[in-house]
>>> print(open('model.cif').read())   # mmCIF, C-alpha atoms
data_data
loop_
_atom_site.label_atom_id
_atom_site.label_comp_id
_atom_site.auth_asym_id
_atom_site.auth_seq_id
_atom_site.Cartn_x
_atom_site.Cartn_y
_atom_site.Cartn_z
CA MET E 1 -12.41 15.02 -19.89
CA GLU E 2 -12.95 17.54 -17.11
CA LYS E 3 -15.95 15.55 -15.90
CA VAL E 4 -13.80 12.40 -15.86
CA LYS E 5 -11.22 14.18 -13.71
CA GLN E 6 -13.95 15.33 -11.33
CA ALA E 7 -15.36 11.79 -11.13
CA ALA E 8 -11.86 10.39 -10.44
CA SER E 9 -11.30 13.00 -7.74
CA TRP E 10 -14.67 12.22 -6.12
CA LEU E 11 -14.02 8.46 -6.21
CA THR E 12 -10.56 8.92 -4.66
CA LYS E 13 -11.95 11.19 -1.94
CA TRP E 14 -14.66 8.74 -0.88
CA PHE E 15 -12.94 5.49 -1.84
CA THR E 16 -12.56 4.13 1.70
CA LEU E 17 -16.26 4.67 2.46
CA ILE E 18 -17.22 3.16 -0.90
CA VAL E 19 -15.08 0.08 -0.11
CA ILE E 20 -16.87 -0.40 3.22
CA VAL E 21 -20.33 -0.01 1.67
CA TRP E 22 -19.43 -2.30 -1.25
CA ALA E 23 -18.04 -4.93 1.10
CA ALA E 24 -21.25 -4.79 3.18
CA ILE E 25 -23.40 -5.23 0.07
CA ASN E 26 -21.38 -8.27 -1.02
CA TYR E 27 -21.57 -9.72 2.48
CA PHE E 28 -25.37 -9.69 2.45
CA VAL E 29 -25.76 -10.45 -1.28
CA PRO E 30 -22.76 -12.64 -2.25
CA ALA E 31 -24.11 -13.38 -5.73
CA ILE E 32 -23.27 -9.84 -6.85
CA SER E 33 -19.54 -10.46 -7.27
CA VAL E 34 -19.00 -14.21 -7.03
CA TRP E 35 -19.12 -14.43 -10.84
CA ALA E 36 -15.80 -12.55 -11.04
CA LYS E 37 -13.83 -15.05 -8.94
CA GLY E 38 -12.05 -16.44 -11.99
CA TYR E 39 -11.10 -12.98 -13.23
CA THR E 40 -9.28 -11.51 -10.23
CA GLY E 41 -5.88 -12.00 -11.88
CA TYR E 42 -7.03 -10.08 -14.94
CA LEU E 43 -8.55 -7.35 -12.78
CA LEU E 44 -5.30 -6.79 -10.91
CA GLY E 45 -3.44 -7.00 -14.22
CA ILE E 46 -5.54 -4.05 -15.41
CA VAL E 47 -4.54 -2.08 -12.30
CA LEU E 48 -0.85 -2.80 -12.81
CA PHE E 49 -1.08 -2.14 -16.55
CA GLY E 50 -2.45 1.27 -15.63
CA MET E 51 0.47 1.74 -13.27
CA GLY E 52 2.84 0.94 -16.13
CA LEU E 53 1.11 3.51 -18.34
CA THR E 54 1.96 6.23 -15.82
CA LEU E 55 5.65 5.27 -15.67
CA SER E 56 8.40 6.75 -17.81
CA VAL E 57 12.10 6.16 -18.28
CA ASP E 58 12.70 8.88 -15.68
CA ASP E 59 11.03 6.74 -13.01
CA PHE E 60 13.49 3.93 -13.63
CA ALA E 61 16.41 6.35 -13.97
CA ARG E 62 15.57 7.76 -10.54
CA ILE E 63 16.33 4.37 -9.00
CA VAL E 64 19.80 4.53 -10.55
CA LYS E 65 20.34 8.15 -9.49
CA GLN E 66 19.50 7.56 -5.81
CA PRO E 67 20.05 3.80 -5.39
CA LEU E 68 20.92 3.88 -1.69
CA MET E 69 17.60 5.32 -0.48
CA VAL E 70 15.50 3.27 -2.89
CA ILE E 71 17.27 -0.01 -2.10
CA VAL E 72 17.33 0.65 1.66
CA GLY E 73 13.62 1.57 1.63
CA THR E 74 12.75 -1.57 -0.36
CA VAL E 75 14.81 -3.82 1.91
CA ALA E 76 13.14 -2.23 4.96
CA HIS E 77 9.75 -3.02 3.46
CA TYR E 78 10.56 -6.65 2.71
CA VAL E 79 12.15 -7.19 6.13
CA ILE E 80 9.85 -5.27 8.50
CA MET E 81 6.38 -6.21 7.23
CA PRO E 82 6.92 -10.00 6.82
CA LEU E 83 8.58 -10.30 10.23
CA ILE E 84 5.81 -8.29 11.93
CA ALA E 85 3.28 -10.64 10.31
CA VAL E 86 5.06 -13.72 11.69
CA LEU E 87 5.37 -12.17 15.15
CA LEU E 88 1.66 -11.24 15.26
CA CYS E 89 0.66 -14.75 14.16
CA TRP E 90 2.70 -16.10 17.07
CA ILE E 91 1.33 -13.60 19.61
CA PHE E 92 -2.32 -14.17 18.59
CA HIS E 93 -1.86 -17.94 18.09
CA LEU E 94 -3.10 -17.77 14.50
CA ASP E 95 -2.91 -20.97 12.51
CA GLY E 96 -3.75 -22.41 9.12
CA ALA E 97 -5.19 -20.32 6.30
CA ILE E 98 -5.61 -17.14 8.34
CA ALA E 99 -1.96 -17.17 9.42
CA VAL E 100 -0.90 -17.78 5.82
CA GLY E 101 -3.13 -14.88 4.70
CA VAL E 102 -1.59 -12.51 7.26
CA ILE E 103 1.95 -13.48 6.22
CA LEU E 104 1.01 -13.26 2.52
CA VAL E 105 -0.16 -9.66 2.78
CA GLY E 106 2.99 -8.93 4.81
CA CYS E 107 5.15 -10.28 1.97
CA CYS E 108 3.46 -8.16 -0.71
CA PRO E 109 5.08 -5.04 -2.19
CA SER E 110 4.01 -1.58 -1.08
CA GLY E 111 0.62 -0.39 -2.30
CA THR E 112 -0.02 2.44 -4.75
CA SER E 113 -2.11 4.15 -2.06
CA SER E 114 1.14 5.03 -0.32
CA ASN E 115 1.97 7.43 -3.15
CA VAL E 116 -1.22 9.37 -2.45
CA MET E 117 -0.62 9.43 1.31
CA SER E 118 2.97 10.56 0.83
CA PHE E 119 1.76 13.40 -1.39
CA LEU E 120 -0.91 14.47 1.11
CA SER E 121 1.64 14.51 3.96
CA ARG E 122 4.17 16.51 1.86
CA GLY E 123 6.54 13.56 1.69
CA ASP E 124 9.01 12.73 -1.07
CA VAL E 125 6.60 11.32 -3.67
CA ALA E 126 9.41 10.60 -6.16
CA LEU E 127 11.17 8.39 -3.61
CA ASP E 128 7.84 6.80 -2.71
CA VAL E 129 7.16 5.93 -6.37
CA SER E 130 10.70 4.57 -6.81
CA ILE E 131 10.50 2.28 -3.77
CA GLY E 132 7.03 1.14 -4.79
CA LEU E 133 8.23 0.42 -8.31
CA LEU E 134 11.29 -1.57 -7.18
CA SER E 135 9.34 -3.54 -4.56
CA THR E 136 6.68 -4.35 -7.19
CA LEU E 137 9.27 -5.51 -9.73
CA LEU E 138 10.85 -7.75 -7.08
CA ALA E 139 7.49 -9.16 -5.93
CA PRO E 140 7.48 -12.29 -8.19
CA PHE E 141 10.77 -13.34 -6.59
CA MET E 142 10.35 -12.07 -3.02
CA ILE E 143 6.82 -13.33 -2.33
CA PRO E 144 7.48 -17.04 -3.07
CA LEU E 145 10.83 -16.91 -1.26
CA LEU E 146 9.47 -15.21 1.86
CA MET E 147 6.34 -17.38 1.94
CA GLN E 148 8.42 -20.54 1.71
CA VAL E 149 10.67 -19.41 4.55
CA LEU E 150 8.03 -17.88 6.84
CA ALA E 151 4.73 -19.66 6.17
CA SER E 152 5.64 -23.25 5.26
CA ARG E 153 5.16 -24.29 8.91
CA TYR E 154 1.39 -23.70 8.51
CA VAL E 155 0.69 -25.20 5.07
CA ALA E 156 2.60 -26.45 2.06
CA ILE E 157 3.46 -23.35 0.04
CA PRO E 158 2.87 -23.63 -3.72
CA TRP E 159 5.88 -21.43 -4.46
CA GLN E 160 5.94 -22.31 -8.15
CA SER E 161 2.33 -21.20 -8.48
CA LEU E 162 3.05 -18.04 -6.47
CA PHE E 163 6.02 -17.23 -8.68
CA LEU E 164 4.19 -17.77 -11.97
CA SER E 165 1.07 -15.95 -10.76
CA ALA E 166 3.05 -12.96 -9.49
CA LEU E 167 5.12 -12.93 -12.68
CA THR E 168 2.10 -12.88 -14.98
CA ILE E 169 -0.04 -10.64 -12.78
CA VAL E 170 2.69 -8.11 -11.89
CA LEU E 171 5.64 -7.93 -14.27
CA VAL E 172 3.89 -8.59 -17.59
CA PRO E 173 1.18 -5.89 -17.19
CA VAL E 174 3.66 -3.33 -15.84
CA ALA E 175 6.09 -4.02 -18.71
CA LEU E 176 3.28 -3.74 -21.27
CA GLY E 177 2.12 -0.48 -19.72
CA VAL E 178 5.62 1.01 -19.82
CA ALA E 179 6.05 -0.12 -23.44
CA CYS E 180 2.73 1.49 -24.45
CA HIS E 181 3.75 4.72 -22.69
CA MET E 182 7.06 4.78 -24.56
CA ILE E 183 5.46 4.03 -27.95
CA PHE E 184 2.35 6.21 -27.83
CA LYS E 185 3.50 8.93 -25.37
CA GLU E 186 1.16 11.93 -25.86
CA LYS E 187 -1.80 9.72 -26.78
CA ILE E 188 -1.42 7.82 -23.51
CA GLU E 189 -1.35 11.06 -21.53
CA LYS E 190 -4.84 11.83 -22.83
CA VAL E 191 -6.29 8.74 -21.17
CA THR E 192 -4.35 8.90 -17.88
CA PRO E 193 -7.20 10.81 -16.11
CA VAL E 194 -9.37 7.71 -16.62
CA LEU E 195 -6.83 5.31 -15.05
CA PRO E 196 -7.68 6.02 -11.36
CA ILE E 197 -11.35 5.19 -12.02
CA VAL E 198 -10.50 1.96 -13.85
CA SER E 199 -8.03 0.89 -11.15
CA GLN E 200 -10.38 1.62 -8.27
CA VAL E 201 -13.30 -0.17 -9.93
CA ALA E 202 -11.04 -3.21 -10.47
CA ILE E 203 -9.96 -3.14 -6.80
CA LEU E 204 -13.61 -2.91 -5.74
CA LEU E 205 -14.44 -5.98 -7.81
CA ILE E 206 -11.55 -7.93 -6.24
CA ILE E 207 -12.74 -6.95 -2.75
CA GLY E 208 -16.28 -7.95 -3.72
CA VAL E 209 -15.05 -11.38 -4.84
CA VAL E 210 -13.15 -11.98 -1.58
CA VAL E 211 -16.11 -10.92 0.57
CA SER E 212 -18.67 -12.91 -1.41
CA ALA E 213 -16.46 -16.03 -1.49
CA ASN E 214 -16.06 -15.86 2.30
CA ALA E 215 -19.43 -14.41 3.31
CA SER E 216 -20.25 -17.30 5.63
CA LYS E 217 -16.82 -17.17 7.32
CA LEU E 218 -16.02 -13.46 7.22
CA PHE E 219 -16.99 -12.79 10.82
CA SER E 220 -16.45 -16.19 12.36
CA SER E 221 -14.42 -16.52 15.56
CA GLU E 222 -11.39 -17.49 13.47
CA THR E 223 -11.48 -14.61 11.00
CA LEU E 224 -12.51 -11.89 13.47
CA LEU E 225 -9.14 -12.25 15.13
CA ALA E 226 -7.56 -11.13 11.85
CA ILE E 227 -8.99 -7.62 12.31
CA PRO E 228 -6.85 -6.54 15.30
CA VAL E 229 -3.89 -8.38 13.75
CA VAL E 230 -4.23 -6.42 10.49
CA ILE E 231 -4.59 -3.12 12.37
CA LEU E 232 -1.49 -3.79 14.48
CA HIS E 233 0.40 -5.00 11.41
CA ASN E 234 -0.20 -1.73 9.60
CA LEU E 235 0.44 0.55 12.61
CA CYS E 236 3.64 -1.29 13.57
CA GLY E 237 4.76 -0.94 9.96
CA TYR E 238 4.32 2.84 10.15
CA ALA E 239 6.11 3.05 13.50
CA LEU E 240 9.06 0.85 12.53
CA GLY E 241 9.30 2.42 9.08
CA PHE E 242 9.53 5.89 10.59
CA GLY E 243 11.93 4.75 13.31
CA PHE E 244 14.14 3.05 10.74
CA SER E 245 14.23 6.14 8.51
CA LYS E 246 15.10 8.33 11.54
CA LEU E 247 17.96 5.96 12.30
CA MET E 248 19.15 6.14 8.69
CA TYR E 249 19.05 9.95 8.92
CA LYS E 250 21.77 9.75 11.57
CA VAL E 251 23.83 7.55 9.25
CA TYR E 252 23.17 9.50 6.03
CA PRO E 253 21.56 12.88 6.83
CA LYS E 254 21.80 14.15 3.24
CA GLY E 255 19.45 11.48 1.96
CA PHE E 256 17.03 10.55 4.72
CA ARG E 257 15.58 13.96 5.48
CA TYR E 258 12.10 14.70 6.81
CA ALA E 259 10.26 14.31 3.48
CA GLN E 260 12.07 11.04 2.81
CA GLN E 261 11.19 9.78 6.29
CA LYS E 262 7.51 10.33 5.52
CA ALA E 263 7.79 8.47 2.21
CA ILE E 264 9.53 5.48 3.79
CA THR E 265 6.96 5.40 6.61
CA PHE E 266 4.12 4.95 4.12
CA GLU E 267 6.12 2.64 1.85
CA VAL E 268 6.84 0.27 4.72
CA GLY E 269 3.41 0.34 6.36
CA MET E 270 1.10 0.13 3.33
CA GLN E 271 0.78 -3.08 1.31
CA ASP E 272 -0.52 -4.01 -2.11
CA SER E 273 -3.43 -5.84 -0.51
CA GLY E 274 -5.13 -6.25 -3.89
CA LEU E 275 -2.20 -8.39 -5.00
CA GLY E 276 -2.36 -10.32 -1.73
CA ALA E 277 -6.05 -11.08 -2.21
CA THR E 278 -5.55 -12.08 -5.84
CA LEU E 279 -2.63 -14.41 -5.08
CA ALA E 280 -4.62 -15.93 -2.23
CA LEU E 281 -7.54 -16.69 -4.55
CA THR E 282 -5.31 -18.13 -7.28
CA SER E 283 -2.56 -19.99 -5.42
CA PHE E 284 -4.66 -20.98 -2.37
CA ALA E 285 -7.95 -21.50 -4.20
CA ALA E 286 -8.96 -24.41 -1.95
CA THR E 287 -8.96 -22.11 1.08
CA PRO E 288 -10.36 -18.71 -0.03
CA VAL E 289 -10.35 -17.61 3.62
CA THR E 290 -6.63 -16.94 3.02
CA ALA E 291 -7.68 -13.77 1.17
CA ILE E 292 -9.57 -12.29 4.14
CA PRO E 293 -6.57 -10.59 5.85
CA SER E 294 -5.75 -8.82 2.57
CA THR E 295 -9.32 -7.56 2.34
CA PHE E 296 -9.29 -6.27 5.91
CA PHE E 297 -5.90 -4.67 5.22
CA SER E 298 -7.23 -2.97 2.08
CA VAL E 299 -9.96 -1.22 4.04
CA TRP E 300 -7.91 -0.40 7.13
CA HIS E 301 -4.72 0.97 5.56
CA ASN E 302 -6.70 3.48 3.51
CA ILE E 303 -8.31 4.72 6.73
CA SER E 304 -5.07 4.83 8.75
CA GLY E 305 -3.08 6.32 5.86
CA SER E 306 -5.59 9.13 5.41
CA VAL E 307 -5.59 9.90 9.14
CA LEU E 308 -1.78 9.84 9.40
CA SER E 309 -1.23 12.02 6.33
CA ALA E 310 -3.79 14.58 7.55
CA TRP E 311 -2.25 14.62 11.05
CA TRP E 312 1.25 15.05 9.60
CA ARG E 313 0.15 17.99 7.46
CA ARG E 314 -1.63 19.74 10.37
CA HIS E 315 1.35 19.07 12.65
CA ASP E 316 3.76 20.66 10.16
CA ASP E 317 1.50 23.70 9.69
CA LYS E 318 1.04 24.10 13.44
CA TYR E 319 4.78 24.09 14.16
CA GLY E 320 5.88 25.87 11.00
CA ILE E 321 7.84 22.91 9.63
CA PRO E 322 8.63 23.54 5.93
CA ARG E 323 8.25 20.93 3.21
CA ASP E 324 12.04 20.78 2.74
CA SER E 325 12.85 20.51 6.45
CA VAL E 326 16.06 18.63 7.19
CA ASP E 327 15.04 16.93 10.44
CA GLY E 328 11.39 17.87 10.97
CA LYS E 329 12.09 19.90 14.09
CA PRO E 330 9.65 22.78 14.81
CA THR E 331 10.77 26.25 13.79
CA LYS E 332 8.19 28.09 15.88
CA GLN E 333 5.83 27.73 18.82
CA PRO E 334 2.49 26.01 18.21
CA VAL E 335 -0.16 28.46 17.02
CA ALA E 336 -2.18 28.17 20.26
CA THR E 337 0.89 28.65 22.43
CA ALA E 338 2.07 31.63 20.41
CA ALA E 339 -1.33 33.32 20.74
CA ALA E 340 -1.30 32.76 24.51
CA SER E 341 2.19 34.30 24.72
CA VAL E 342 1.05 37.41 22.85
CA ALA E 343 -1.99 37.75 25.11
CA ALA E 344 0.18 37.42 28.23
CA ALA E 345 2.57 40.07 26.95
CA THR E 346 -0.22 42.59 26.43
CA ASP E 347 -1.69 42.13 29.93
#
>>> encode(input="model.cif", output="structure tokens")
Amino acid sequence: MEKVKQAASWLTKWFTLIVIVWAAINYFVPAISVWAKGYTGYLLGIVLFGMGLTLSVDDFARIVKQPLMVIVGTVAHYVIMPLIAVLLCWIFHLDGAIAVGVILVGCCPSGTSSNVMSFLSRGDVALDVSIGLLSTLLAPFMIPLLMQVLASRYVAIPWQSLFLSALTIVLVPVALGVACHMIFKEKIEKVTPVLPIVSQVAILLIIGVVVSANASKLFSSETLLAIPVVILHNLCGYALGFGFSKLMYKVYPKGFRYAQQKAITFEVGMQDSGLGATLALTSFAATPVTAIPSTFFSVWHNISGSVLSAWWRRHDDKYGIPRDSVDGKPTKQPVATAAASVAAATD
């Protein structure tokens, strides 16, 4: 089991690079993953079943114990990211399937990667998990509703298909995972070290399917424009998520402290792009190019999230900001500045 843990740790550490390499391989040799096109729903179901296996009654109880922060964070996610997507489509004059793909990934719940980034930045992981859980549970209802309101100007939205797909892909696997955890308990805990590997392999296969299905169009003039849009979408999500949480701190300082601000930043800015790609391939099967923005988002938000979490951690260490800081204000001079002050005093 120790070797499994080491393999999971290695895969997590290098996952972004592996995604890029895997995507490149599928771009040049599409036949590698095209066979799995009909199984993307099952693959994502495996990921979400694994998520359910890691959940306990305490995770649901936490939503009840701190409903304000969880609900506010979830609402912020489902307001900020879809509206940014619509605005970027308007600014960049996106149309058709690409615009629908951008809005679709914007309407998805927060991604599980945000939990990792929140942990690395010393954010409130419990709040992060709670917001991610609530946004995921709401996804079968929110995605069809938001897509109908925001994307119907581009194409006819198959909201019934979106609802049923999201229901079967999201809620059923999560519910089964939670039920298995409750029934088998200690036995499930023995296999949890394997779950990250299974989930990441499933995500890699989904990415491979999207790239192979769109290999001839992946870097066309139409789809290339999705790259800066996806980057701006993610970065604006971070900025507005952090700004919103800072504003909420002024309203309710006991709840929206520094660690909570970090959690909400990642919860707003990071999307479940695997779900976006899967829904695009199932509900918009006639135009697989709809899944491209989700694929670009999957690669980019892992890069940006890793950079932001590392910067946040170094920033806090440099300025002596403790994990439980109320407002994130520095408690000391930067290390370099402090050293210069000591040197000046001894001259």
>>> resolve_selection(input="model.cif", expression="the PyMOL selection byres ((chain E and resi 152) around 12)", output="list in words")
Val86, Asp95, Gly96, Ala97, Ala99, Val100, Ile103, Leu104, Pro144, Leu145, Leu146, Met147, Gln148, Val149, Leu150, Ala151, Arg153, Tyr154, Val155, Ala156, Ile157, Pro158 and Trp159 of chain E
>>> atom_distance(input="model.cif", atom1="atom CA of E:Leu11", atom2="atom CA of E:Ala202")
12.8 Å
>>> resolve_selection(input="model.cif", expression="the PyMOL selection byres ((chain E and resi 130-134) around 6)", output="NGL selection string")
:E and (70 or 74 or 110 or 127-129 or 135-137)
>>> atom_distance(input="model.cif", atom1="atom CA of E:Pro109", atom2="atom CA of E:Val79")
11.1 Å
>>> resolve_selection(input="model.cif", expression="the PyMOL selection byres ((chain E and resi 69) around 9)", output="VMD selection string")
chain E and resid 63 66 to 68 70 to 74 127 131 255 to 256 260
>>> atom_distance(input="model.cif", atom1="atom CA of E:Ser298", atom2="atom CA of E:Pro173")
21.2 Å
>>> build_atoms(input="model.cif", residues="stretch 218-236 of chain E", atoms="N, CA, C and O atoms", output="mmCIF file, in the coordinates of the input")
data_model
loop_
_atom_site.group_PDB
_atom_site.id
_atom_site.type_symbol
_atom_site.label_atom_id
_atom_site.label_comp_id
_atom_site.auth_asym_id
_atom_site.auth_seq_id
_atom_site.Cartn_x
_atom_site.Cartn_y
_atom_site.Cartn_z
ATOM 1 N N LEU E 218 -16.693 -14.751 7.085
ATOM 2 C CA LEU E 218 -16.020 -13.460 7.220
ATOM 3 C C LEU E 218 -15.939 -12.993 8.665
ATOM 4 O O LEU E 218 -14.940 -12.411 9.088
ATOM 5 N N PHE E 219 -16.980 -13.235 9.428
ATOM 6 C CA PHE E 219 -16.990 -12.790 10.820
ATOM 7 C C PHE E 219 -17.132 -13.965 11.784
ATOM 8 O O PHE E 219 -17.811 -13.865 12.805
ATOM 9 N N SER E 220 -16.488 -15.050 11.438
ATOM 10 C CA SER E 220 -16.450 -16.190 12.360
ATOM 11 C C SER E 220 -15.413 -15.903 13.436
ATOM 12 O O SER E 220 -14.644 -14.945 13.349
ATOM 13 N N SER E 221 -15.374 -16.733 14.468
ATOM 14 C CA SER E 221 -14.420 -16.520 15.560
ATOM 15 C C SER E 221 -12.978 -16.571 15.050
ATOM 16 O O SER E 221 -12.087 -15.883 15.556
ATOM 17 N N GLU E 222 -12.729 -17.360 14.018
ATOM 18 C CA GLU E 222 -11.390 -17.490 13.470
ATOM 19 C C GLU E 222 -10.960 -16.240 12.710
ATOM 20 O O GLU E 222 -9.864 -15.719 12.905
ATOM 21 N N THR E 223 -11.853 -15.743 11.857
ATOM 22 C CA THR E 223 -11.480 -14.610 11.000
ATOM 23 C C THR E 223 -11.562 -13.268 11.717
ATOM 24 O O THR E 223 -10.856 -12.328 11.346
ATOM 25 N N LEU E 224 -12.413 -13.157 12.729
ATOM 26 C CA LEU E 224 -12.510 -11.890 13.470
ATOM 27 C C LEU E 224 -11.190 -11.508 14.108
ATOM 28 O O LEU E 224 -10.867 -10.325 14.236
ATOM 29 N N LEU E 225 -10.431 -12.505 14.494
ATOM 30 C CA LEU E 225 -9.140 -12.250 15.130
ATOM 31 C C LEU E 225 -8.171 -11.585 14.156
ATOM 32 O O LEU E 225 -7.199 -10.939 14.575
ATOM 33 N N ALA E 226 -8.444 -11.737 12.854
ATOM 34 C CA ALA E 226 -7.560 -11.130 11.850
ATOM 35 C C ALA E 226 -7.684 -9.611 11.847
ATOM 36 O O ALA E 226 -6.750 -8.921 11.409
ATOM 37 N N ILE E 227 -8.804 -9.072 12.340
ATOM 38 C CA ILE E 227 -8.990 -7.620 12.310
ATOM 39 C C ILE E 227 -7.978 -6.897 13.192
ATOM 40 O O ILE E 227 -7.260 -6.003 12.707
ATOM 41 N N PRO E 228 -7.876 -7.216 14.504
ATOM 42 C CA PRO E 228 -6.850 -6.540 15.300
ATOM 43 C C PRO E 228 -5.434 -6.837 14.820
ATOM 44 O O PRO E 228 -4.539 -5.982 14.925
ATOM 45 N N VAL E 229 -5.211 -8.030 14.269
ATOM 46 C CA VAL E 229 -3.890 -8.380 13.750
ATOM 47 C C VAL E 229 -3.524 -7.477 12.577
ATOM 48 O O VAL E 229 -2.411 -6.943 12.497
ATOM 49 N N VAL E 230 -4.461 -7.285 11.664
ATOM 50 C CA VAL E 230 -4.230 -6.420 10.490
ATOM 51 C C VAL E 230 -3.982 -4.980 10.922
ATOM 52 O O VAL E 230 -3.086 -4.300 10.396
ATOM 53 N N ILE E 231 -4.765 -4.494 11.885
ATOM 54 C CA ILE E 231 -4.590 -3.120 12.370
ATOM 55 C C ILE E 231 -3.213 -2.939 12.984
ATOM 56 O O ILE E 231 -2.495 -1.970 12.676
ATOM 57 N N LEU E 232 -2.813 -3.864 13.848
ATOM 58 C CA LEU E 232 -1.490 -3.790 14.480
ATOM 59 C C LEU E 232 -0.372 -3.934 13.451
ATOM 60 O O LEU E 232 0.669 -3.270 13.548
ATOM 61 N N HIS E 233 -0.590 -4.793 12.476
ATOM 62 C CA HIS E 233 0.400 -5.000 11.410
ATOM 63 C C HIS E 233 0.703 -3.684 10.698
ATOM 64 O O HIS E 233 1.871 -3.292 10.527
ATOM 65 N N ASN E 234 -0.335 -3.000 10.310
ATOM 66 C CA ASN E 234 -0.200 -1.730 9.600
ATOM 67 C C ASN E 234 0.424 -0.646 10.478
ATOM 68 O O ASN E 234 1.371 0.049 10.067
ATOM 69 N N LEU E 235 -0.064 -0.500 11.718
ATOM 70 C CA LEU E 235 0.440 0.550 12.610
ATOM 71 C C LEU E 235 1.897 0.300 13.007
ATOM 72 O O LEU E 235 2.699 1.244 13.070
ATOM 73 N N CYS E 236 2.235 -0.965 13.255
ATOM 74 C CA CYS E 236 3.640 -1.290 13.570
ATOM 75 C C CYS E 236 4.535 -1.020 12.368
ATOM 76 O O CYS E 236 5.694 -0.609 12.523
#
